[in-house]
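Coordinates as given in upload.cif (mmCIF, C-alpha atoms and all ligand atoms):
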data_entry
#
loop_
_atom_site.label_atom_id
_atom_site.label_comp_id
_atom_site.auth_asym_id
_atom_site.auth_seq_id
_atom_site.Cartn_x
_atom_site.Cartn_y
_atom_site.Cartn_z
CA MET A 1 122.21 35.43 60.82
CA GLU A 2 122.92 33.04 57.98
CA LYS A 3 121.16 33.49 54.63
CA GLU A 4 119.79 29.93 54.63
CA LEU A 5 118.39 30.26 58.11
CA ILE A 6 116.65 33.52 57.23
CA ALA A 7 115.18 31.92 54.11
CA SER A 8 113.80 28.94 55.95
CA ILE A 9 112.34 31.02 58.81
CA THR A 10 110.72 33.37 56.32
CA LYS A 11 109.31 30.40 54.38
CA LEU A 12 107.86 28.95 57.55
CA VAL A 13 106.24 32.22 58.52
CA ILE A 14 104.74 32.64 55.06
CA GLU A 15 103.35 29.15 55.07
CA LYS A 16 101.86 29.64 58.51
CA LEU A 17 100.24 32.89 57.56
CA ASN A 18 98.89 31.41 54.31
CA GLN A 19 97.27 28.63 56.23
CA GLU A 20 95.45 30.98 58.58
CA GLN A 21 94.16 33.43 55.95
CA PRO A 22 91.72 32.88 53.08
CA PRO A 23 93.67 32.36 49.86
CA LYS A 24 92.14 35.41 48.05
CA GLU A 25 93.58 37.84 50.49
CA PRO A 26 97.16 36.90 51.06
CA GLU A 27 98.50 38.17 54.33
CA VAL A 28 101.82 39.06 52.86
CA ALA A 29 102.30 41.81 50.42
CA LEU A 30 105.44 41.40 48.43
CA TRP A 31 107.51 44.45 47.81
CA SER A 32 107.38 44.00 44.05
CA ALA A 33 103.53 44.20 44.06
CA SER A 34 101.25 47.18 44.46
CA PRO A 35 99.50 47.24 47.82
CA LYS A 36 96.07 46.99 46.18
CA ASN A 37 96.86 44.07 43.95
CA PRO A 38 99.63 42.02 45.44
CA ALA A 39 101.10 39.68 42.90
CA PRO A 40 102.15 36.30 44.14
CA VAL A 41 105.85 35.91 44.09
CA GLU A 42 107.48 32.62 44.07
CA ALA A 43 109.38 31.92 47.25
CA THR A 44 112.69 31.33 45.63
CA GLU A 45 115.77 31.98 47.67
CA GLN A 46 116.44 35.13 45.66
CA ASN A 47 112.89 36.42 46.08
CA LEU A 48 112.75 35.58 49.75
CA GLU A 49 115.60 37.94 50.38
CA ARG A 50 113.45 40.75 49.00
CA ILE A 51 110.27 39.84 50.82
CA GLU A 52 108.89 42.43 53.15
CA LEU A 53 106.51 41.07 55.75
CA LYS A 54 103.34 43.14 55.85
CA PRO A 55 100.40 41.31 57.34
CA VAL A 56 96.95 42.60 56.42
CA ARG A 57 95.98 42.60 60.08
CA GLN A 58 98.79 44.96 60.78
CA GLU A 59 97.59 47.26 58.01
CA ALA A 60 94.08 47.23 59.46
CA ILE A 61 95.41 48.13 62.88
CA GLN A 62 97.43 50.94 61.34
CA ARG A 63 94.36 52.25 59.48
CA LYS A 64 92.34 52.19 62.70
CA GLU A 65 95.06 53.98 64.61
CA GLN A 66 95.27 56.59 61.88
CA LYS A 67 91.50 57.17 62.04
CA THR A 68 91.53 57.50 65.84
CA HIS A 69 94.48 59.84 65.56
CA GLN A 70 92.66 61.95 62.98
CA SER A 71 89.50 62.25 65.08
CA ARG A 72 91.58 62.95 68.16
CA THR A 73 93.49 65.70 66.33
CA CYS A 74 90.17 67.15 65.20
CA SER A 75 88.69 67.32 68.72
CA ASP A 76 92.03 68.54 70.08
CA SER A 77 92.10 71.41 67.62
CA LEU A 78 88.49 72.30 68.52
CA LYS A 79 89.46 72.36 72.19
CA LEU A 80 92.51 74.48 71.38
CA GLU A 81 90.40 76.92 69.39
CA LYS A 82 88.00 77.30 72.32
CA LYS A 83 90.87 77.81 74.75
CA GLU A 84 92.40 80.42 72.47
CA GLN A 85 89.03 82.21 72.38
CA GLN A 86 88.78 82.20 76.17
CA LEU A 87 92.32 83.52 76.47
CA GLU A 88 91.54 86.28 74.00
CA GLU A 89 88.54 87.30 76.15
CA LEU A 90 90.81 87.49 79.19
CA ARG A 91 93.43 89.45 77.26
CA GLN A 92 90.78 91.99 76.29
CA LYS A 93 89.93 92.54 79.95
CA THR A 94 93.34 93.83 81.01
CA PRO A 95 96.30 95.70 79.59
CA SER A 96 98.56 93.38 81.63
CA ARG A 97 100.78 90.97 79.75
CA ILE A 98 98.81 87.79 80.21
CA ALA A 99 98.72 84.71 77.99
CA VAL A 100 101.39 86.05 75.66
CA GLY A 101 102.80 82.61 74.97
CA ARG A 102 106.44 81.71 74.58
CA ALA A 103 108.89 80.34 72.09
CA GLY A 104 110.55 77.46 73.87
CA SER A 105 111.65 78.82 77.21
CA ARG A 106 111.87 82.38 75.92
CA PRO A 107 109.31 85.15 75.25
CA LYS A 108 108.14 85.57 71.67
CA THR A 109 109.87 88.28 69.64
CA ASN A 110 106.79 90.54 69.65
CA THR A 111 106.37 90.26 73.40
CA TRP A 112 110.03 90.98 73.94
CA LEU A 113 110.04 94.01 71.63
CA GLN A 114 106.88 95.39 73.28
CA PHE A 115 108.52 94.93 76.68
CA ARG A 116 111.65 96.78 75.54
CA TYR A 117 109.48 99.56 74.11
CA ASP A 118 107.45 99.96 77.34
CA HIS A 119 110.58 99.83 79.45
CA ALA A 120 112.15 102.58 77.36
CA ALA A 121 108.97 104.65 77.74
CA ALA A 122 109.16 104.17 81.53
CA VAL A 123 112.79 105.34 81.62
CA ASP A 124 111.91 108.35 79.45
CA ALA A 125 109.05 109.20 81.81
CA VAL A 126 111.32 109.18 84.87
CA TYR A 127 114.17 111.11 83.25
CA GLY A 128 112.02 113.49 81.17
CA GLU A 129 111.04 117.06 82.01
CA VAL A 130 107.68 118.79 81.96
CA SER A 131 107.77 121.32 79.15
CA ALA A 132 107.76 125.01 80.03
CA ASP A 133 104.70 125.50 77.78
CA VAL A 134 102.53 123.19 79.89
CA LEU A 135 103.47 125.03 83.08
CA GLU A 136 102.99 128.41 81.45
CA ASN A 137 99.49 127.42 80.29
CA LEU A 138 98.63 126.49 83.84
CA GLY A 139 99.98 129.81 85.10
CA VAL A 140 102.14 128.25 87.81
CA PHE A 141 105.65 129.12 88.99
CA THR A 142 108.37 126.58 89.72
CA VAL A 143 110.21 125.78 92.95
CA HIS A 144 112.84 123.14 93.74
CA THR A 145 113.61 120.53 96.33
CA ARG A 146 117.04 119.75 97.72
CA VAL A 147 117.66 117.36 94.84
CA GLU A 148 120.26 118.40 92.26
CA ASP A 149 119.61 115.90 89.44
CA LYS A 150 117.54 112.82 88.55
CA GLU A 151 120.13 110.36 89.78
CA GLU A 152 120.08 111.99 93.17
CA TYR A 153 116.29 112.15 93.05
CA ILE A 154 116.14 108.39 92.64
CA ARG A 155 118.80 107.57 95.21
CA ARG A 156 117.80 110.12 97.85
CA PRO A 157 113.99 110.25 98.25
CA ASP A 158 114.53 112.15 101.53
CA ARG A 159 115.93 115.15 99.61
CA GLY A 160 112.83 115.19 97.41
CA ARG A 161 110.82 115.69 100.61
CA GLN A 162 112.55 118.97 101.49
CA LEU A 163 112.40 122.35 99.79
CA SER A 164 115.54 124.27 98.96
CA ASP A 165 115.99 127.37 101.15
CA GLU A 166 115.32 129.64 98.21
CA SER A 167 112.14 127.79 97.32
CA ARG A 168 110.80 128.08 100.87
CA LYS A 169 111.22 131.82 100.60
CA ILE A 170 109.57 132.01 97.17
CA ILE A 171 106.57 130.04 98.40
CA LYS A 172 106.17 132.26 101.46
CA ASP A 173 106.36 135.39 99.32
CA ARG A 174 104.16 134.38 96.42
CA CYS A 175 101.43 132.16 97.85
CA GLN A 176 98.20 132.95 99.60
CA ASN A 177 98.51 132.06 103.27
CA SER A 178 96.08 129.65 104.95
CA PRO A 179 93.91 128.76 101.97
CA THR A 180 91.32 126.03 102.32
CA VAL A 181 92.97 123.96 99.59
CA GLN A 182 96.56 124.17 98.44
CA VAL A 183 97.27 122.44 95.14
CA VAL A 184 100.85 121.41 94.38
CA ILE A 185 101.95 119.88 91.08
CA SER A 186 105.13 117.82 90.73
CA ASN A 187 106.74 115.67 88.05
CA GLY A 188 107.63 113.08 90.72
CA LEU A 189 108.47 109.85 88.94
CA SER A 190 106.81 110.65 85.63
CA ALA A 191 107.05 113.91 83.74
CA LYS A 192 104.94 112.32 81.01
CA ALA A 193 102.08 111.83 83.47
CA VAL A 194 102.00 115.56 84.15
CA GLU A 195 102.27 116.48 80.48
CA ALA A 196 99.50 114.10 79.45
CA ASN A 197 96.93 114.76 82.18
CA ILE A 198 97.54 117.88 84.20
CA GLU A 199 95.57 120.38 82.11
CA ASP A 200 92.37 118.31 82.25
CA VAL A 201 92.70 117.29 85.88
CA TYR A 202 93.58 120.75 87.09
CA LEU A 203 90.81 122.46 85.14
CA SER A 204 88.11 120.10 86.33
CA LEU A 205 89.46 120.24 89.90
CA GLN A 206 89.29 124.04 89.83
CA GLN A 207 85.71 123.91 88.55
CA SER A 208 84.74 121.25 91.05
CA LEU A 209 86.10 123.27 94.01
CA ASN A 210 84.52 126.40 92.61
CA ASN A 211 81.11 124.72 92.38
CA LEU A 212 81.47 123.48 95.93
CA LYS A 213 82.49 127.00 97.04
CA ILE A 214 85.82 125.80 98.38
CA ASP A 215 88.63 128.31 98.03
CA MET A 216 91.94 127.44 96.48
CA GLY A 217 95.33 128.98 97.22
CA THR A 218 98.19 129.73 94.83
CA THR A 219 99.12 126.63 92.88
CA PHE A 220 102.81 126.03 92.10
CA TYR A 221 105.02 123.41 90.50
CA VAL A 222 107.75 121.53 92.37
CA ASP A 223 110.54 120.05 90.31
CA LYS A 224 111.59 116.59 91.57
CA GLY A 225 109.22 116.44 94.51
CA ARG A 226 108.06 113.55 96.67
CA VAL A 227 104.64 113.08 98.25
CA ALA A 228 105.72 113.83 101.82
CA LEU A 229 106.97 117.25 100.72
CA MET A 230 103.38 118.32 101.39
CA ASP A 231 104.21 118.24 105.12
CA GLU A 232 106.73 121.08 104.82
CA ILE A 233 104.39 122.99 102.51
CA GLY A 234 101.63 122.46 105.08
CA GLU A 235 103.80 124.05 107.75
CA ILE A 236 104.71 127.05 105.60
CA LEU A 237 101.25 127.87 104.24
CA THR A 238 98.93 126.22 106.82
CA PRO A 239 96.18 125.15 104.41
CA ASP A 240 93.32 122.89 105.55
CA VAL A 241 93.98 120.43 102.74
CA VAL A 242 96.92 119.83 100.42
CA ILE A 243 96.34 118.10 97.10
CA MET A 244 99.52 116.98 95.42
CA LEU A 245 99.17 116.04 91.75
CA ILE A 246 102.27 113.98 91.05
CA GLY A 247 103.64 111.60 88.41
CA GLU A 248 103.48 107.97 89.50
CA ARG A 249 106.31 105.53 89.20
CA PRO A 250 105.75 104.25 85.65
CA GLY A 251 104.77 100.64 85.25
CA LEU A 252 105.03 98.63 82.05
CA VAL A 253 101.38 99.25 81.23
CA SER A 254 101.32 103.02 81.41
CA ALA A 255 104.10 105.55 81.82
CA GLU A 256 101.56 108.40 81.92
CA SER A 257 99.75 107.76 85.16
CA LEU A 258 99.15 110.61 87.58
CA SER A 259 98.19 110.43 91.25
CA ALA A 260 96.46 112.87 93.56
CA TYR A 261 97.69 112.55 97.15
CA MET A 262 95.69 114.39 99.79
CA CYS A 263 96.08 115.16 103.45
CA TYR A 264 94.19 117.18 106.06
CA LYS A 265 96.43 119.80 107.67
CA PRO A 266 99.71 118.09 106.76
CA ARG A 267 102.71 118.91 108.92
CA LYS A 268 106.01 117.27 109.80
CA GLY A 269 105.50 114.04 111.66
CA VAL A 270 102.16 113.24 110.04
CA ILE A 271 101.69 109.48 109.63
CA GLU A 272 101.34 107.94 106.16
CA ALA A 273 97.96 106.50 107.13
CA ASP A 274 96.58 110.05 107.27
CA ARG A 275 97.24 110.56 103.57
CA MET A 276 94.98 109.32 100.85
CA VAL A 277 95.41 108.80 97.15
CA VAL A 278 93.46 108.67 93.93
CA SER A 279 95.86 106.91 91.62
CA ASN A 280 95.85 105.65 88.05
CA ILE A 281 94.70 108.92 86.48
CA HIS A 282 95.31 108.63 82.73
CA LYS A 283 93.38 107.95 79.57
CA GLY A 284 93.44 104.17 80.12
CA GLY A 285 92.56 104.46 83.84
CA ILE A 286 90.50 107.11 85.62
CA PRO A 287 89.87 109.73 82.93
CA PRO A 288 91.57 112.99 83.98
CA VAL A 289 88.43 115.11 83.81
CA GLU A 290 86.46 112.66 85.92
CA ALA A 291 89.32 112.48 88.41
CA GLY A 292 89.41 116.25 88.83
CA ALA A 293 85.69 116.40 89.55
CA TYR A 294 85.92 113.48 91.98
CA LEU A 295 88.78 115.10 93.91
CA GLY A 296 86.53 118.07 94.72
CA THR A 297 84.02 115.77 96.41
CA ILE A 298 86.78 114.09 98.44
CA VAL A 299 88.02 117.46 99.64
CA GLN A 300 84.47 118.27 100.69
CA LYS A 301 84.41 115.13 102.81
CA ILE A 302 87.85 115.80 104.31
CA LEU A 303 86.70 119.26 105.35
CA LYS A 304 83.45 117.95 106.78
CA TYR A 305 85.15 115.35 108.99
CA GLN A 306 88.36 117.33 109.49
CA ALA A 307 90.33 114.19 108.76
CA SER A 308 91.91 112.27 105.92
CA GLY A 309 93.08 108.73 105.22
CA VAL A 310 92.36 106.09 107.83
CA SER A 311 91.17 108.73 110.33
CA LEU A 312 88.56 109.85 107.80
CA VAL A 313 87.33 106.30 107.27
CA GLN A 314 87.05 105.86 111.06
CA LYS A 315 85.14 109.10 111.55
CA GLU A 316 82.85 108.35 108.60
CA SER A 317 81.75 104.94 109.83
C1 LIG B 401 105.87 102.61 95.40
C2 LIG B 401 104.53 102.30 96.00
C3 LIG B 401 104.49 101.96 97.33
C4 LIG B 401 105.73 101.87 98.18
C5 LIG B 401 106.14 103.27 98.63
C6 LIG B 401 107.60 103.26 99.00
C7 LIG B 401 108.22 104.61 98.90
N1 LIG B 401 108.72 105.10 99.98
O1 LIG B 401 108.27 105.20 97.84
C8 LIG B 401 105.25 100.96 99.34
C9 LIG B 401 105.62 99.53 99.01
C10 LIG B 401 105.77 101.26 100.73
C11 LIG B 401 103.75 101.15 99.24
C12 LIG B 401 102.92 100.86 100.27
C13 LIG B 401 101.55 100.95 100.18
N2 LIG B 401 100.82 101.09 99.09
CO1 LIG B 401 101.60 101.64 97.43
N3 LIG B 401 102.19 102.03 95.76
C14 LIG B 401 103.35 102.36 95.23
C15 LIG B 401 103.25 102.60 93.73
C16 LIG B 401 103.76 101.38 93.00
C17 LIG B 401 103.97 103.82 93.20
C18 LIG B 401 103.68 105.06 94.02
C19 LIG B 401 104.27 106.29 93.39
O2 LIG B 401 104.76 106.29 92.30
N4 LIG B 401 104.22 107.41 94.11
C20 LIG B 401 104.72 108.67 93.60
C21 LIG B 401 106.10 108.95 94.24
C22 LIG B 401 106.71 110.19 93.68
O3 LIG B 401 105.83 109.11 95.63
P1 LIG B 401 106.93 109.03 96.77
O4 LIG B 401 106.93 110.29 97.49
O5 LIG B 401 108.21 108.59 96.19
O6 LIG B 401 106.42 107.83 97.70
C23 LIG B 401 105.24 107.95 98.49
C24 LIG B 401 104.01 107.42 97.78
O7 LIG B 401 104.36 106.36 96.94
C25 LIG B 401 103.15 106.97 98.95
N5 LIG B 401 102.29 105.80 98.77
C26 LIG B 401 102.59 104.65 98.22
N6 LIG B 401 101.54 103.82 98.26
C27 LIG B 401 100.56 104.50 98.89
C28 LIG B 401 99.27 104.10 99.20
C29 LIG B 401 98.44 104.99 99.88
C30 LIG B 401 97.03 104.59 100.20
C31 LIG B 401 98.92 106.29 100.24
C32 LIG B 401 98.06 107.24 100.97
C33 LIG B 401 100.22 106.65 99.91
C34 LIG B 401 101.02 105.75 99.23
O8 LIG B 401 104.06 106.64 100.00
C35 LIG B 401 105.39 107.02 99.65
C36 LIG B 401 106.08 107.63 100.84
O9 LIG B 401 105.49 108.85 101.22
C37 LIG B 401 101.73 102.81 93.59
C38 LIG B 401 101.16 102.40 92.23
C39 LIG B 401 100.80 103.59 91.42
N7 LIG B 401 100.43 103.27 90.22
O10 LIG B 401 100.81 104.71 91.84
C40 LIG B 401 101.17 101.97 94.71
C41 LIG B 401 99.82 102.37 95.36
C42 LIG B 401 99.76 103.86 95.48
N8 LIG B 401 99.89 101.77 96.68
C43 LIG B 401 98.78 101.32 97.06
C44 LIG B 401 98.55 100.73 98.32
C45 LIG B 401 97.17 100.13 98.56
C46 LIG B 401 99.53 100.71 99.29
C47 LIG B 401 99.40 100.18 100.72
C48 LIG B 401 98.13 100.64 101.44
C49 LIG B 401 99.55 98.66 100.66
C50 LIG B 401 99.33 97.98 101.99
N9 LIG B 401 98.22 97.28 102.10
O11 LIG B 401 100.11 98.11 102.88
C51 LIG B 401 100.67 100.75 101.36
C52 LIG B 401 100.38 102.11 102.03
C53 LIG B 401 101.63 102.92 102.20
C54 LIG B 401 101.37 104.34 102.66
N10 LIG B 401 102.26 105.25 102.33
O12 LIG B 401 100.41 104.64 103.30
C55 LIG B 401 97.70 101.50 96.04
C56 LIG B 401 96.74 102.61 96.43
C57 LIG B 401 95.34 102.25 96.03
C58 LIG B 401 94.40 103.36 96.40
N11 LIG B 401 93.89 104.04 95.40
O13 LIG B 401 94.14 103.61 97.55
C59 LIG B 401 98.50 101.74 94.76
C60 LIG B 401 97.85 102.66 93.73
C61 LIG B 401 98.83 100.37 94.13
C62 LIG B 401 97.60 99.69 93.64
N12 LIG B 401 97.32 99.74 92.37
O14 LIG B 401 96.90 99.07 94.37
N13 LIG B 401 103.40 101.57 98.05
#
Let me see the file written as structure tokens.
Amino acid sequence: MEKELIASITKLVIEKLNQEQPPKEPEVALWSASPKNPAPVEATEQNLERIELKPVRQEAIQRKEQKTHQSRTCSDSLKLEKKEQQLEELRQKTPSRIAVGRAGSRPKTNTWLQFRYDHAAAVDAVYGEVSADVLENLGVFTVHTRVEDKEEYIRRPDRGRQLSDESRKIIKDRCQNSPTVQVVISNGLSAKAVEANIEDVYLSLQQSLNNLKIDMGTTFYVDKGRVALMDEIGEILTPDVVIMLIGERPGLVSAESLSAYMCYKPRKGVIEADRMVVSNIHKGGIPPVEAGAYLGTIVQKILKYQASGVSLVQKES
């Protein structure tokens, strides 16, 4: 646009605005004046080029908007604070990874590092071994399944459900035949679970059965066993009840969780529904000592109804 045209339009606008506003409060603030005390500037052609239009009304609107924005920000931050509090309460209720936030579309560094740490702990639990000391303290001997190594254990669960020929023989030779309760311990999917909980669980289970006058056979340890191995053990030793204390597949919350699987007169061909489980035995779940005591009372019930799992529930009701 031409200089002259700009000057005349600007002049017209200034005149119009001056007419509408009281003279003491000019609607235009010139850029050479302070905003509080705008000095009148002569509308020469040179000055007009430097004029910045800034109507007072516009300033007022801006001030109002700023105020509304400030009060909105204040109430927003109060709401946020309350939400954060509620989330914290929820976080305290569970060890699960809830409300951990994100950085853009990715997890926050802390969350990611914690995840990597827990994942590593889970891998260690699966691939680790139960120390000889723990087994020695328990006074148990070790037998093996048909699994050669951990890789095979993971890929071939069926082999973890069968005893090696030698182990079958050892069990026959060394264990009491036809006990009321046969306890079997196995690392299963978490050696850490056995290391962390077995002494407490086993001791309180022994005491619990003792108090209930239920006899216990010869406990042994199976390296790389699966739950359904109890069927073969049931056939060899013919106990009334088998309790298998076995390391659970580690999750990302705990890698030290033990389970107690039970079955009345297990034998090959038993259906899964006839087994039962008390899972989540670890310091952050069912405390090991409590679990051991509780197992004794379940065994009592199994013996009373001569059934376990779904059959027990049916007979009980
Ligand atoms: C893997 C798993 C399964 C897998 C098992 C697959 C397999 N072949 O390995 C599948 C998806 C089939 C499964 C199914 C069920 N599961 Co499940 N399962 C698990 C999990 C995540 C790990 C179990 C484990 O590590 N076992 C140890 C390894 C070494 O055993 P395994 O010989 O390899 O596998 C055997 C056991 O896992 C067993 N098993 C698995 N789940 C269950 C559940 C019950 C009630 C029983 C008796 C046995 C059992 O069956 C497998 C084959 O023999 C646990 C969670 C946990 N924290 O323990 C839940 C868990 C044991 N399962 C549970 C449930 C409820 C079930 C189902 C009843 C679900 C349903 N409504 O159908 C079914 C029942 C299956 C059954 N066998 O009777 C619950 C048991 C709760 C309780 N205290 O009673 C748990 C604790 C999960 C939970 N927190 O709710 N499960």
(message) Can you tell me which residues surround Asp124 (chain A) at a distance of at most 9 Å, considering all atoms listed in the file, apart from same-chain residues fewer than 2 positions away, and format the answer as a list in words?
(response)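 Answer for this query is His119, Ala120, Ala121, Ala122, Val126, Tyr127, Gly128, Ser190, Ala191, Lys192 and Ala255 of chain A.
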Write to file, as a PDB file, keeping the file's coordinate frame, the residues of the selection just made, with C-alpha atoms.
ATOM      1  CA  HIS A 119     110.580  99.830  79.450  1.00  0.00           C
ATOM      2  CA  ALA A 120     112.150 102.580  77.360  1.00  0.00           C
ATOM      3  CA  ALA A 121     108.970 104.650  77.740  1.00  0.00           C
ATOM      4  CA  ALA A 122     109.160 104.170  81.530  1.00  0.00           C
ATOM      5  CA  VAL A 126     111.320 109.180  84.870  1.00  0.00           C
ATOM      6  CA  TYR A 127     114.170 111.110  83.250  1.00  0.00           C
ATOM      7  CA  GLY A 128     112.020 113.490  81.170  1.00  0.00           C
ATOM      8  CA  SER A 190     106.810 110.650  85.630  1.00  0.00           C
ATOM      9  CA  ALA A 191     107.050 113.910  83.740  1.00  0.00           C
ATOM     10  CA  LYS A 192     104.940 112.320  81.010  1.00  0.00           C
ATOM     11  CA  ALA A 255     104.100 105.550  81.820  1.00  0.00           C
TER      12      ALA A 255
END
(request) Report the distance between atom C52 of ligand LIG 401 (chain B) and CA of Val310 (chain A) in Å, rounded to one decimal place. (result)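 About the pair atom C52 of ligand LIG 401 (chain B) and CA of Val310 (chain A): they are 10.7 Å apart.
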(request) Pick out the residues no farther than 8 Å from ligand LIG 401 (chain B), counting all atoms listed in the file, and list them as a PyMOL selection string. (result) chain A and resi 157+160-161+187-189+225-229+246-251+257-259+261-262+272-280+309
(message) Under the rule that only C-alpha atoms are counted, which of A:Val123, A:Arg102, A:Cys175, A:Met230 is the nearest residue to Gly269 (chain A)?
(response)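 Among A:Val123, A:Arg102, A:Cys175, A:Met230, it is A:Met230 that comes nearest to Gly269 (chain A).
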For region 226-298 of chain A against region 203-206 of chain A, with a cut-off of 10 Å and counting only C-alpha atoms, what is the closest atom pair and its distance in Å to one decimal for every residue that makes the cut, ordered by chain and number, as a tab-separated table?
residue	atom	partner	partner_atom	distance
A:Pro288	CA	A:Ser204	CA	8.2
A:Val289	CA	A:Ser204	CA	5.6
A:Glu290	CA	A:Ser204	CA	7.6
A:Ala291	CA	A:Leu205	CA	7.9
A:Gly292	CA	A:Leu205	CA	4.1
A:Ala293	CA	A:Leu205	CA	5.4
A:Tyr294	CA	A:Leu205	CA	7.9
A:Leu295	CA	A:Leu205	CA	6.6
A:Gly296	CA	A:Leu205	CA	6.0
A:Thr297	CA	A:Leu205	CA	9.6
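Among the candidates A:Ser208, A:Asn197, A:Thr180, A:Ser186, the one nearest to Pro239 (chain A) when counting only C-alpha atoms is A:Thr180.
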(request) Take the point (104.8, 133.0, 91.3) as written in the file and pick out every residue within 12 Å of it, counting all atoms listed in the file; give the list as an MDAnalysis selection string. (result) chainID A and resid 135:136 138:143 167 169:176 217:222
(request) Take CA of Lys283 (chain A) and CA of Leu90 (chain A) and report the distance between them in Å, one decimal. (result)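 Taking CA of Lys283 (chain A) and CA of Leu90 (chain A), their separation equals 20.6 Å.
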(message) Taking 3 positions as the minimum chain separation for residues in the same chain, which residues sit within 10 Å of Val242 (chain A) when counting only C-alpha atoms? Answer as a ChimeraX atom specification.
(response) /A:179-184,216-217,230-231,233-234,237-239,245,260-266,275,299
